[in-house]
>>> print(open('target.cif').read())   # mmCIF, C-alpha atoms
data_protein
#
loop_
_atom_site.group_PDB
_atom_site.id
_atom_site.type_symbol
_atom_site.label_atom_id
_atom_site.label_comp_id
_atom_site.auth_asym_id
_atom_site.auth_seq_id
_atom_site.Cartn_x
_atom_site.Cartn_y
_atom_site.Cartn_z
ATOM 1 C CA MET A 1 -37.501 1.104 143.186
ATOM 2 C CA ASP A 2 -36.430 3.742 145.528
ATOM 3 C CA LEU A 3 -33.172 5.633 145.865
ATOM 4 C CA ALA A 4 -31.476 3.008 148.083
ATOM 5 C CA VAL A 5 -31.589 0.400 145.325
ATOM 6 C CA PHE A 6 -29.938 2.762 142.836
ATOM 7 C CA ARG A 7 -27.348 3.592 145.459
ATOM 8 C CA ASP A 8 -26.511 -0.078 145.900
ATOM 9 C CA ILE A 9 -26.373 -0.693 142.143
ATOM 10 C CA SER A 10 -24.083 2.318 141.678
ATOM 11 C CA LEU A 11 -21.845 1.110 144.482
ATOM 12 C CA LEU A 12 -21.604 -2.360 142.944
ATOM 13 C CA TRP A 13 -20.895 -0.828 139.530
ATOM 14 C CA LEU A 14 -18.058 1.326 140.962
ATOM 15 C CA ILE A 15 -16.571 -1.663 142.785
ATOM 16 C CA PHE A 16 -16.682 -3.681 139.551
ATOM 17 C CA LEU A 17 -14.977 -0.887 137.582
ATOM 18 C CA THR A 18 -12.332 -0.552 140.280
ATOM 19 C CA LEU A 19 -11.589 -4.271 140.181
ATOM 20 C CA ILE A 20 -11.299 -4.178 136.395
ATOM 21 C CA SER A 21 -8.896 -1.234 136.556
ATOM 22 C CA ILE A 22 -6.758 -2.919 139.240
ATOM 23 C CA LEU A 23 -6.629 -6.306 137.503
ATOM 24 C CA PRO A 24 -3.851 -5.439 134.975
ATOM 25 C CA PHE A 25 -1.601 -4.177 137.765
ATOM 26 C CA ALA A 26 -2.243 -7.315 139.792
ATOM 27 C CA VAL A 27 -1.330 -9.502 136.817
ATOM 28 C CA LEU A 28 1.761 -7.401 136.164
ATOM 29 C CA PHE A 29 2.895 -7.670 139.787
ATOM 30 C CA PHE A 30 2.216 -11.414 139.812
ATOM 31 C CA PHE A 31 4.453 -12.034 136.808
ATOM 32 C CA ALA A 32 7.093 -9.624 138.097
ATOM 33 C CA ILE A 33 7.269 -11.554 141.366
ATOM 34 C CA GLN A 34 7.444 -14.861 139.497
ATOM 35 C CA GLY A 35 10.281 -13.462 137.369
ATOM 36 C CA MET A 36 12.179 -12.286 140.441
ATOM 37 C CA ARG A 37 11.810 -15.719 142.036
ATOM 38 C CA ARG A 38 13.199 -17.359 138.899
ATOM 39 C CA LEU A 39 16.021 -14.825 138.762
ATOM 40 C CA ARG A 40 16.898 -15.632 142.357
ATOM 41 C CA GLN A 41 17.006 -19.337 141.549
ATOM 42 C CA LEU A 42 19.345 -18.684 138.632
ATOM 43 C CA ALA A 43 21.495 -16.381 140.757
ATOM 44 C CA GLU A 44 21.854 -19.038 143.442
ATOM 45 C CA GLN A 45 22.864 -21.486 140.735
ATOM 46 C CA TYR A 46 25.350 -19.393 138.757
ATOM 47 C CA LEU A 47 26.762 -16.777 141.143
ATOM 48 C CA PRO A 48 28.969 -19.237 143.078
ATOM 49 C CA ILE A 49 30.549 -20.261 139.770
ATOM 50 C CA ALA A 50 31.150 -16.636 138.825
ATOM 51 C CA GLN A 51 32.539 -15.925 142.295
ATOM 52 C CA GLU A 52 35.007 -18.802 141.967
ATOM 53 C CA LYS A 53 36.145 -17.575 138.540
ATOM 54 C CA ALA A 54 36.605 -14.046 139.913
ATOM 55 C CA ARG A 55 38.664 -15.445 142.798
ATOM 56 C CA LEU A 56 40.820 -17.383 140.308
ATOM 57 C CA VAL A 57 41.357 -14.250 138.197
ATOM 58 C CA ALA A 58 42.333 -12.264 141.299
ATOM 59 C CA GLU A 59 44.858 -14.931 142.333
ATOM 60 C CA LYS A 60 46.417 -15.098 138.871
ATOM 61 C CA THR A 61 46.559 -11.300 138.682
ATOM 62 C CA GLU A 62 48.335 -11.172 142.037
ATOM 63 C CA GLU A 63 50.777 -13.856 140.910
ATOM 64 C CA PHE A 64 51.631 -12.086 137.645
ATOM 65 C CA SER A 65 51.938 -8.694 139.319
ATOM 66 C CA GLN A 66 54.438 -10.176 141.772
ATOM 67 C CA LYS A 67 56.440 -11.600 138.861
ATOM 68 C CA VAL A 68 56.465 -8.210 137.135
ATOM 69 C CA THR A 69 57.348 -6.103 140.168
ATOM 70 C CA ASP A 70 59.923 -8.386 141.829
ATOM 71 C CA PRO A 71 62.814 -7.388 139.499
ATOM 72 C CA VAL A 72 62.020 -3.685 139.855
ATOM 73 C CA ILE A 73 61.858 -3.894 143.634
ATOM 74 C CA SER A 74 65.085 -5.908 143.862
ATOM 75 C CA VAL A 75 66.929 -3.394 141.636
ATOM 76 C CA GLN A 76 65.715 -0.501 143.798
ATOM 77 C CA ALA A 77 66.736 -2.357 146.961
ATOM 78 C CA LYS A 78 70.225 -3.030 145.615
ATOM 79 C CA THR A 79 70.557 0.601 144.492
ATOM 80 C CA ALA A 80 69.559 1.828 147.942
ATOM 81 C CA GLN A 81 72.015 -0.578 149.533
ATOM 82 C CA VAL A 82 74.863 0.615 147.288
ATOM 83 C CA ASN A 83 73.995 4.265 147.971
ATOM 84 C CA GLY A 84 74.005 3.603 151.700
ATOM 85 C CA ILE A 85 77.385 1.915 151.556
ATOM 86 C CA ARG A 86 78.779 4.716 149.348
ATOM 87 C CA LYS A 87 77.574 7.367 151.757
ATOM 88 C CA ALA A 88 79.006 5.457 154.689
ATOM 89 C CA ILE A 89 82.417 5.170 153.057
ATOM 90 C CA PHE A 90 82.858 8.505 151.292
ATOM 91 C CA THR A 91 81.183 11.046 153.533
ATOM 92 C CA ARG A 92 83.271 12.733 156.144
ATOM 93 C CA ARG A 93 82.241 12.144 159.637
ATOM 94 C CA GLN A 94 81.824 15.302 161.555
ATOM 95 C CA ARG A 95 83.147 15.284 165.047
ATOM 96 C CA PRO A 96 81.054 16.957 167.669
#
>>> encode(input="target.cif", output="structure tokens")
Amino acid sequence: MDLAVFRDISLLWLIFLTLISILPFAVLFFFAIQGMRRLRQLAEQYLPIAQEKARLVAEKTEEFSQKVTDPVISVQAKTAQVNGIRKAIFTRRQRP
């Protein structure tokens, strides 16, 4: 056996060790990709339901906020109207 044979055996041995060291990462990536695919399937199934519930909550929140703020806004509008009428009646008009 000459030096070329040992070179080839060493090269094969290094390739084998490299494959063994890469194998756990390959398995890890394989299962990570499978998990992401499953997560995407579940997201496509459940996210429209969650989106609809969020839309319903937003509509109800808007409805209740309108009910709460309508009396306050109407009182402020009436107060502004009364103040405007009072100013129009009781202030002296200055003649140019």
>>> atom_distance(input="target.cif", atom1="atom CA of A:Tyr46", atom2="atom CA of A:Ala32")
20.7 Å
>>> atom_distance(input="target.cif", atom1="atom CA of A:Ser74", atom2="atom CA of A:Ala88")
21.0 Å
>>> atom_distance(input="target.cif", atom1="atom CA of A:Gln76", atom2="atom CA of A:Thr61")
22.6 Å
>>> decode(input="target.cif", residues="stretch 79-92 of chain A", atoms="N, CA, C and O atoms", output="PDB file, in the first residue's frame")
ATOM      1  N   THR A  79     -74.374  73.299  26.092  1.00  0.00           N
ATOM      2  CA  THR A  79     -73.686  74.347  26.854  1.00  0.00           C
ATOM      3  C   THR A  79     -73.070  75.377  25.917  1.00  0.00           C
ATOM      4  O   THR A  79     -73.188  76.593  26.139  1.00  0.00           O
ATOM      5  N   ALA A  80     -72.442  74.922  24.864  1.00  0.00           N
ATOM      6  CA  ALA A  80     -71.845  75.844  23.892  1.00  0.00           C
ATOM      7  C   ALA A  80     -72.925  76.672  23.204  1.00  0.00           C
ATOM      8  O   ALA A  80     -72.736  77.874  22.956  1.00  0.00           O
ATOM      9  N   GLN A  81     -74.053  76.040  22.925  1.00  0.00           N
ATOM     10  CA  GLN A  81     -75.145  76.769  22.279  1.00  0.00           C
ATOM     11  C   GLN A  81     -75.695  77.846  23.218  1.00  0.00           C
ATOM     12  O   GLN A  81     -75.922  78.990  22.800  1.00  0.00           O
ATOM     13  N   VAL A  82     -75.881  77.510  24.480  1.00  0.00           N
ATOM     14  CA  VAL A  82     -76.385  78.486  25.456  1.00  0.00           C
ATOM     15  C   VAL A  82     -75.375  79.621  25.632  1.00  0.00           C
ATOM     16  O   VAL A  82     -75.760  80.803  25.695  1.00  0.00           O
ATOM     17  N   ASN A  83     -74.099  79.300  25.718  1.00  0.00           N
ATOM     18  CA  ASN A  83     -73.079  80.345  25.850  1.00  0.00           C
ATOM     19  C   ASN A  83     -73.060  81.257  24.637  1.00  0.00           C
ATOM     20  O   ASN A  83     -72.886  82.474  24.765  1.00  0.00           O
ATOM     21  N   GLY A  84     -73.239  80.698  23.469  1.00  0.00           N
ATOM     22  CA  GLY A  84     -73.278  81.529  22.259  1.00  0.00           C
ATOM     23  C   GLY A  84     -74.474  82.458  22.246  1.00  0.00           C
ATOM     24  O   GLY A  84     -74.356  83.648  21.888  1.00  0.00           O
ATOM     25  N   ILE A  85     -75.616  81.932  22.649  1.00  0.00           N
ATOM     26  CA  ILE A  85     -76.818  82.784  22.698  1.00  0.00           C
ATOM     27  C   ILE A  85     -76.650  83.858  23.762  1.00  0.00           C
ATOM     28  O   ILE A  85     -77.007  85.027  23.555  1.00  0.00           O
ATOM     29  N   ARG A  86     -76.107  83.509  24.926  1.00  0.00           N
ATOM     30  CA  ARG A  86     -75.894  84.473  26.009  1.00  0.00           C
ATOM     31  C   ARG A  86     -74.957  85.590  25.555  1.00  0.00           C
ATOM     32  O   ARG A  86     -75.216  86.765  25.800  1.00  0.00           O
ATOM     33  N   LYS A  87     -73.886  85.216  24.907  1.00  0.00           N
ATOM     34  CA  LYS A  87     -72.953  86.236  24.416  1.00  0.00           C
ATOM     35  C   LYS A  87     -73.606  87.126  23.376  1.00  0.00           C
ATOM     36  O   LYS A  87     -73.375  88.342  23.334  1.00  0.00           O
ATOM     37  N   ALA A  88     -74.440  86.525  22.533  1.00  0.00           N
ATOM     38  CA  ALA A  88     -75.091  87.318  21.492  1.00  0.00           C
ATOM     39  C   ALA A  88     -76.087  88.308  22.094  1.00  0.00           C
ATOM     40  O   ALA A  88     -76.257  89.415  21.588  1.00  0.00           O
ATOM     41  N   ILE A  89     -76.733  87.928  23.173  1.00  0.00           N
ATOM     42  CA  ILE A  89     -77.746  88.799  23.760  1.00  0.00           C
ATOM     43  C   ILE A  89     -77.118  89.856  24.669  1.00  0.00           C
ATOM     44  O   ILE A  89     -77.463  91.035  24.610  1.00  0.00           O
ATOM     45  N   PHE A  90     -76.205  89.460  25.539  1.00  0.00           N
ATOM     46  CA  PHE A  90     -75.749  90.338  26.601  1.00  0.00           C
ATOM     47  C   PHE A  90     -74.477  91.131  26.307  1.00  0.00           C
ATOM     48  O   PHE A  90     -74.125  92.018  27.083  1.00  0.00           O
ATOM     49  N   THR A  91     -73.780  90.844  25.285  1.00  0.00           N
ATOM     50  CA  THR A  91     -72.582  91.642  25.002  1.00  0.00           C
ATOM     51  C   THR A  91     -72.984  92.881  24.209  1.00  0.00           C
ATOM     52  O   THR A  91     -73.903  92.861  23.399  1.00  0.00           O
ATOM     53  N   ARG A  92     -72.301  93.927  24.484  1.00  0.00           N
ATOM     54  CA  ARG A  92     -72.568  95.175  23.760  1.00  0.00           C
ATOM     55  C   ARG A  92     -71.895  95.101  22.400  1.00  0.00           C
ATOM     56  O   ARG A  92     -70.751  94.711  22.285  1.00  0.00           O
TER      57      ARG A  92
END
